[in-house]
Amino acid sequence: MDRTADVLIEALPYIRRFYDRQIVIKYGGAAMEEDALIHSVMEDIVLMKYVGMRPIVVHGGGPRISALMDKMGKKAQFVQGLRVTDAETVEIAEMVLAGSINKGIVARINQHGGRAIGLSGKDANLVVAEKQEMHVTNEEGHQISLDLGFVGKIIGINTEPIITLDKAGYIPVIAPNGVGVDGQTYNINADTMAGEIAAALQAEKLIMLTDTRGILRDIGDDASLMPTIHLKELDTLIEAGLIAGGMLPKVEACATALIGGVYKTHIIDGRIPHSLLLEVFTEGGVGTEIVR
């Protein structure tokens with residue numbers, strides 16, 4: 001059989017299985033920065049829509065926030081993968097994320113034949129947040145509190161605007177911020193937001209695009225990829241140091257989604273062209289799946 005036919009036949013059961021199912025995609029990393037990868041992701045999202053899936057995109061954009069901060073003479077600081085956000089930084093983040101990045105993704109999806117509409121967490125109170133408290137252990141082994149500034153902890157998701165756009169045939173593209181009950185804008189970690197939105201929608205899948213192959217047994221060895229991890233194993237892997245730094249919010253988002261009713265979550269390598277299609281439409285996949 002012709003190889004093209006083989007590929008289409010392999011995809012058929014997945015197209016059938018995920019038809020009319022919501023798939024939340026966390027878009028970030030190199031796949032947002034390199035032109036060839038950007039086009040690849042846009043094509044994947046549009047194809048998913050045309051074969052009957054319902055993609056919902058939550059995007060990041062941390063490197064571009066840091067780049068603008070550098071130009072303004074501000075140094076970015078992070079604690080356990082979360083950006084320390086003062087009053088000026090939260091304004092910068094909103095301008096970059098809900099402004100240029102969000103509208104740029106919408107335009108590219110539309111350019112590739114899709115119909116996308118941009119949202120931020122502030123639209124229709126989509127994401128209601130409060131100030132996030134961070135507790136860490138110091139060198140003496142004592143728990144101390146750190147002030148991350150205007151970093152938000154999500155306390156409510158209004159899925160109505162997402163569902164309305166989705167049902168109307170649009171692809172929602174969501175920037176990661178939120179609003180407090182007092183009107184204060186909060187910066188939200190995009191991984192965290194994707195997990196919460198997937199849980200609130202009880203989506204079929206949550207797929208996280210990253211700059212790593214997935215979760216590795218040996219952080220320095222790509223061949224040590226763990227293709228499947230069960231939810232109950234995560235604490236042990238975190239304690240062993242195999243999940244740390246920027247991977248922590250991603251894994252915690254997957255756990256939130258699974259506990260909230262999402263069927264499967266995936267951490268995949270966004271540096272691979274068409275990694276979304278390879279993950280959704282093939283048996284092998286291209287990363288680590290975390291399942292209940």
# chains A, B, ... in the order shown; residues from 1 in each chain; ligands from 1

call {"tool": "residues_around", "arguments": {"residues": "Gly60 in chain A", "least_positions_apart": "3", "cutoff": "12 Å", "atoms": "only C-alpha atoms", "output": "VMD selection string"}}
result
chain A and resid 25 to 33 57 63 to 65 93 to 94 96 to 98 100 to 102 105 120 173 to 177 187 to 194 208 to 210 250

call {"tool": "write_last_selection", "arguments": {"atoms": "N, CA and C atoms", "output": "CSV table (one decimal), in the first residue's frame"}}
result
chain,number,residue,atom,x,y,z
A,25,ILE,N,-4.9,22.9,23.9
A,25,ILE,CA,-3.5,22.9,23.5
A,25,ILE,C,-2.8,24.1,24.2
A,26,LYS,N,-1.7,23.8,25.0
A,26,LYS,CA,-0.9,24.8,25.6
A,26,LYS,C,0.2,25.1,24.6
A,27,TYR,N,0.3,26.3,24.0
A,27,TYR,CA,1.2,26.6,23.0
A,27,TYR,C,2.3,27.5,23.5
A,28,GLY,N,3.5,27.0,23.4
A,28,GLY,CA,4.7,27.8,24.0
A,28,GLY,C,6.0,27.3,23.5
A,29,GLY,N,7.1,27.9,24.0
A,29,GLY,CA,8.4,27.4,23.7
A,29,GLY,C,8.8,27.8,22.3
A,30,ALA,N,9.8,27.0,21.7
A,30,ALA,CA,10.3,27.2,20.4
A,30,ALA,C,9.3,27.2,19.3
A,31,ALA,N,8.2,26.5,19.5
A,31,ALA,CA,7.1,26.4,18.5
A,31,ALA,C,6.5,27.8,18.3
A,32,MET,N,6.7,28.7,19.3
A,32,MET,CA,6.2,30.1,19.1
A,32,MET,C,7.2,31.0,18.5
A,33,GLU,N,8.5,30.6,18.4
A,33,GLU,CA,9.6,31.5,18.0
A,33,GLU,C,10.2,31.2,16.6
A,57,VAL,N,-6.9,26.9,22.2
A,57,VAL,CA,-5.5,27.2,22.4
A,57,VAL,C,-5.3,28.2,23.6
A,63,PRO,N,9.4,34.3,27.1
A,63,PRO,CA,10.6,34.9,26.5
A,63,PRO,C,10.4,36.3,25.9
A,64,ARG,N,9.3,36.5,25.3
A,64,ARG,CA,9.0,37.9,24.8
A,64,ARG,C,8.8,38.9,25.9
A,65,ILE,N,8.2,38.5,27.0
A,65,ILE,CA,8.0,39.4,28.1
A,65,ILE,C,9.4,39.7,28.6
A,93,ALA,N,3.4,42.4,30.8
A,93,ALA,CA,2.9,41.0,30.5
A,93,ALA,C,1.6,41.1,29.7
A,94,GLU,N,0.7,41.9,30.2
A,94,GLU,CA,-0.6,42.0,29.6
A,94,GLU,C,-0.5,42.6,28.2
A,96,VAL,N,2.1,42.4,26.1
A,96,VAL,CA,2.7,41.4,25.3
A,96,VAL,C,1.8,40.2,25.0
A,97,LEU,N,1.2,39.7,26.0
A,97,LEU,CA,0.4,38.4,25.9
A,97,LEU,C,-0.9,38.7,25.3
A,98,ALA,N,-1.7,39.6,25.9
A,98,ALA,CA,-3.1,39.8,25.4
A,98,ALA,C,-3.1,40.7,24.1
A,100,SER,N,0.1,41.7,21.5
A,100,SER,CA,0.8,41.3,20.2
A,100,SER,C,0.8,39.8,20.0
A,101,ILE,N,1.1,39.0,21.1
A,101,ILE,CA,1.2,37.6,20.9
A,101,ILE,C,-0.2,37.0,20.5
A,102,ASN,N,-1.2,37.3,21.3
A,102,ASN,CA,-2.5,36.7,21.1
A,102,ASN,C,-3.1,37.1,19.7
A,105,ILE,N,-1.2,35.1,16.9
A,105,ILE,CA,-1.6,33.7,16.8
A,105,ILE,C,-2.9,33.7,16.0
A,120,SER,N,-8.7,37.0,26.4
A,120,SER,CA,-7.8,37.0,27.5
A,120,SER,C,-8.6,36.6,28.7
A,173,VAL,N,-8.5,31.4,21.2
A,173,VAL,CA,-7.1,31.6,21.5
A,173,VAL,C,-7.0,32.5,22.7
A,174,ILE,N,-6.5,31.9,23.8
A,174,ILE,CA,-6.6,32.5,25.1
A,174,ILE,C,-5.3,33.0,25.7
A,175,ALA,N,-5.2,34.2,26.1
A,175,ALA,CA,-4.0,34.8,26.7
A,175,ALA,C,-4.0,34.5,28.2
A,176,PRO,N,-2.9,34.2,28.9
A,176,PRO,CA,-2.9,33.8,30.3
A,176,PRO,C,-2.8,35.0,31.3
A,177,ASN,N,-3.9,35.6,31.5
A,177,ASN,CA,-4.0,36.5,32.6
A,177,ASN,C,-5.4,36.4,33.2
A,187,ASN,N,-1.1,38.2,36.5
A,187,ASN,CA,-0.4,37.4,35.5
A,187,ASN,C,-0.6,35.9,35.9
A,188,ILE,N,-1.0,35.1,35.0
A,188,ILE,CA,-1.2,33.7,35.3
A,188,ILE,C,-0.2,32.8,34.5
A,189,ASN,N,0.4,31.8,35.2
A,189,ASN,CA,1.2,30.9,34.4
A,189,ASN,C,0.4,30.2,33.4
A,190,ALA,N,0.9,30.2,32.1
A,190,ALA,CA,0.1,29.7,31.0
A,190,ALA,C,-0.1,28.2,31.2
A,191,ASP,N,0.8,27.4,31.7
A,191,ASP,CA,0.6,26.0,31.9
A,191,ASP,C,-0.5,25.8,32.9
A,192,THR,N,-0.5,26.5,34.0
A,192,THR,CA,-1.5,26.4,35.1
A,192,THR,C,-2.9,26.7,34.5
A,193,MET,N,-2.9,27.8,33.7
A,193,MET,CA,-4.2,28.2,33.1
A,193,MET,C,-4.8,27.2,32.1
A,194,ALA,N,-3.9,26.6,31.3
A,194,ALA,CA,-4.3,25.5,30.4
A,194,ALA,C,-4.9,24.4,31.2
A,208,MET,N,0.5,19.8,26.0
A,208,MET,CA,1.5,20.8,26.4
A,208,MET,C,2.6,20.8,25.4
A,209,LEU,N,2.9,21.8,24.6
A,209,LEU,CA,4.0,21.9,23.8
A,209,LEU,C,5.2,22.5,24.6
A,210,THR,N,6.3,21.8,24.6
A,210,THR,CA,7.5,22.2,25.3
A,210,THR,C,8.7,22.1,24.5
A,250,LYS,N,4.0,22.5,34.4
A,250,LYS,CA,3.4,21.7,33.4
A,250,LYS,C,2.8,20.4,33.9

call {"tool": "select_by_dssp", "arguments": {"residues": "range 116-283 of chain A", "states": "strand (DSSP E)", "output": "MDAnalysis selection string"}}
result
chainID A and resid 116:120 127:137 143:157 171:175 177:179 185:187 205:210 228:230 264:269

call {"tool": "atom_distance", "arguments": {"atom1": "CA of Leu277 in chain A", "atom2": "CA of Val58 in chain A"}}
result
17.4 Å

call {"tool": "residues_around", "arguments": {"residues": "Ile171 in chain A", "least_positions_apart": "5", "cutoff": "9 Å", "atoms": "only C-alpha atoms", "output": "PyMOL selection string"}}
result
chain A and resi 45-46+49+54-57+106+109+114-118+162+165-166

call {"tool": "atom_distance", "arguments": {"atom1": "CA of Met48 in chain A", "atom2": "CA of Ile15 in chain A"}}
result
8.6 Å

call {"tool": "residues_around", "arguments": {"residues": "range 279-288 of chain A", "least_positions_apart": "6", "cutoff": "10 Å", "atoms": "only C-alpha atoms", "output": "MDAnalysis selection string"}}
result
chainID A and resid 7:15 18 23 44 48 205 207:210 212:216 225:229 265:270 272

call {"tool": "closest_atom_pairs", "arguments": {"of": "range 211-284 of chain A", "to": "range 36-42 of chain A", "cutoff": "7 Å", "atoms": "only C-alpha atoms", "output": "CSV"}}
result
residue,atom,partner,partner_atom,distance
A:Arg271,CA,A:Leu37,CA,6.9
A:Pro273,CA,A:Ser40,CA,5.8
A:His274,CA,A:Ser40,CA,5.3

call {"tool": "write_last_selection", "arguments": {"atoms": "all heavy atoms", "output": "mmCIF file, in the first residue's frame"}}
result
data_model
loop_
_atom_site.group_PDB
_atom_site.id
_atom_site.type_symbol
_atom_site.label_atom_id
_atom_site.label_comp_id
_atom_site.auth_asym_id
_atom_site.auth_seq_id
_atom_site.Cartn_x
_atom_site.Cartn_y
_atom_site.Cartn_z
ATOM 1 N N ARG A 271 9.435 21.158 19.327
ATOM 2 C CA ARG A 271 10.497 21.425 18.351
ATOM 3 C C ARG A 271 10.410 20.467 17.164
ATOM 4 O O ARG A 271 11.101 20.663 16.161
ATOM 5 C CB ARG A 271 11.862 21.291 19.020
ATOM 6 C CG ARG A 271 12.081 22.258 20.185
ATOM 7 C CD ARG A 271 13.312 21.909 20.975
ATOM 8 N NE ARG A 271 13.215 20.558 21.550
ATOM 9 C CZ ARG A 271 14.174 19.985 22.272
ATOM 10 N NH1 ARG A 271 15.290 20.647 22.512
ATOM 11 N NH2 ARG A 271 14.015 18.759 22.746
ATOM 12 N N PRO A 273 8.531 19.189 13.993
ATOM 13 C CA PRO A 273 7.467 19.669 13.104
ATOM 14 C C PRO A 273 6.236 18.758 13.157
ATOM 15 O O PRO A 273 6.351 17.537 13.170
ATOM 16 C CB PRO A 273 8.131 19.638 11.716
ATOM 17 C CG PRO A 273 9.596 19.760 11.988
ATOM 18 C CD PRO A 273 9.816 19.026 13.283
ATOM 19 N N HIS A 274 5.074 19.371 13.224
ATOM 20 C CA HIS A 274 3.783 18.670 13.246
ATOM 21 C C HIS A 274 3.672 17.699 14.437
ATOM 22 O O HIS A 274 3.030 16.653 14.348
ATOM 23 C CB HIS A 274 3.538 17.936 11.923
ATOM 24 C CG HIS A 274 3.489 18.854 10.742
ATOM 25 N ND1 HIS A 274 2.486 19.780 10.565
ATOM 26 C CD2 HIS A 274 4.347 19.009 9.699
ATOM 27 C CE1 HIS A 274 2.717 20.472 9.449
ATOM 28 N NE2 HIS A 274 3.831 20.022 8.911
#

call {"tool": "atom_distance", "arguments": {"atom1": "CA of Gly61 in chain A", "atom2": "CA of Ile290 in chain A"}}
result
24.0 Å

call {"tool": "decode", "arguments": {"residues": "range 90-108 of chain A", "atoms": "N, CA and C atoms", "output": "PDB file, in the first residue's frame"}}
result
ATOM      1  N   VAL A  90       3.322  43.415  35.423  1.00  0.00           N
ATOM      2  CA  VAL A  90       2.004  42.886  35.059  1.00  0.00           C
ATOM      3  C   VAL A  90       1.432  43.669  33.880  1.00  0.00           C
ATOM      4  N   GLU A  91       1.737  44.959  33.783  1.00  0.00           N
ATOM      5  CA  GLU A  91       1.302  45.744  32.631  1.00  0.00           C
ATOM      6  C   GLU A  91       2.050  45.321  31.370  1.00  0.00           C
ATOM      7  N   ILE A  92       3.356  45.074  31.507  1.00  0.00           N
ATOM      8  CA  ILE A  92       4.155  44.610  30.369  1.00  0.00           C
ATOM      9  C   ILE A  92       3.628  43.258  29.882  1.00  0.00           C
ATOM     10  N   ALA A  93       3.383  42.372  30.831  1.00  0.00           N
ATOM     11  CA  ALA A  93       2.910  41.026  30.477  1.00  0.00           C
ATOM     12  C   ALA A  93       1.571  41.084  29.747  1.00  0.00           C
ATOM     13  N   GLU A  94       0.658  41.923  30.228  1.00  0.00           N
ATOM     14  CA  GLU A  94      -0.650  42.029  29.573  1.00  0.00           C
ATOM     15  C   GLU A  94      -0.508  42.586  28.162  1.00  0.00           C
ATOM     16  N   MET A  95       0.346  43.580  27.997  1.00  0.00           N
ATOM     17  CA  MET A  95       0.547  44.183  26.684  1.00  0.00           C
ATOM     18  C   MET A  95       1.116  43.161  25.701  1.00  0.00           C
ATOM     19  N   VAL A  96       2.092  42.384  26.147  1.00  0.00           N
ATOM     20  CA  VAL A  96       2.741  41.412  25.262  1.00  0.00           C
ATOM     21  C   VAL A  96       1.821  40.228  24.985  1.00  0.00           C
ATOM     22  N   LEU A  97       1.217  39.675  26.040  1.00  0.00           N
ATOM     23  CA  LEU A  97       0.439  38.437  25.902  1.00  0.00           C
ATOM     24  C   LEU A  97      -0.919  38.678  25.255  1.00  0.00           C
ATOM     25  N   ALA A  98      -1.717  39.551  25.860  1.00  0.00           N
ATOM     26  CA  ALA A  98      -3.079  39.771  25.362  1.00  0.00           C
ATOM     27  C   ALA A  98      -3.086  40.664  24.130  1.00  0.00           C
ATOM     28  N   GLY A  99      -1.983  41.367  23.903  1.00  0.00           N
ATOM     29  CA  GLY A  99      -1.882  42.231  22.744  1.00  0.00           C
ATOM     30  C   GLY A  99      -1.209  41.552  21.581  1.00  0.00           C
ATOM     31  N   SER A 100       0.097  41.744  21.463  1.00  0.00           N
ATOM     32  CA  SER A 100       0.796  41.324  20.235  1.00  0.00           C
ATOM     33  C   SER A 100       0.787  39.815  20.027  1.00  0.00           C
ATOM     34  N   ILE A 101       1.059  39.027  21.055  1.00  0.00           N
ATOM     35  CA  ILE A 101       1.154  37.577  20.854  1.00  0.00           C
ATOM     36  C   ILE A 101      -0.206  36.981  20.521  1.00  0.00           C
ATOM     37  N   ASN A 102      -1.217  37.316  21.303  1.00  0.00           N
ATOM     38  CA  ASN A 102      -2.544  36.735  21.085  1.00  0.00           C
ATOM     39  C   ASN A 102      -3.059  37.062  19.688  1.00  0.00           C
ATOM     40  N   LYS A 103      -2.967  38.305  19.309  1.00  0.00           N
ATOM     41  CA  LYS A 103      -3.497  38.699  17.999  1.00  0.00           C
ATOM     42  C   LYS A 103      -2.652  38.133  16.866  1.00  0.00           C
ATOM     43  N   GLY A 104      -1.355  37.947  17.125  1.00  0.00           N
ATOM     44  CA  GLY A 104      -0.506  37.330  16.114  1.00  0.00           C
ATOM     45  C   GLY A 104      -0.882  35.880  15.860  1.00  0.00           C
ATOM     46  N   ILE A 105      -1.195  35.132  16.920  1.00  0.00           N
ATOM     47  CA  ILE A 105      -1.613  33.732  16.763  1.00  0.00           C
ATOM     48  C   ILE A 105      -2.946  33.664  16.025  1.00  0.00           C
ATOM     49  N   VAL A 106      -3.869  34.524  16.413  1.00  0.00           N
ATOM     50  CA  VAL A 106      -5.176  34.563  15.741  1.00  0.00           C
ATOM     51  C   VAL A 106      -4.991  34.812  14.247  1.00  0.00           C
ATOM     52  N   ALA A 107      -4.162  35.781  13.916  1.00  0.00           N
ATOM     53  CA  ALA A 107      -3.949  36.117  12.500  1.00  0.00           C
ATOM     54  C   ALA A 107      -3.337  34.941  11.740  1.00  0.00           C
ATOM     55  N   ARG A 108      -2.419  34.229  12.360  1.00  0.00           N
ATOM     56  CA  ARG A 108      -1.758  33.110  11.674  1.00  0.00           C
ATOM     57  C   ARG A 108      -2.718  31.939  11.474  1.00  0.00           C
TER      58      ARG A 108
END
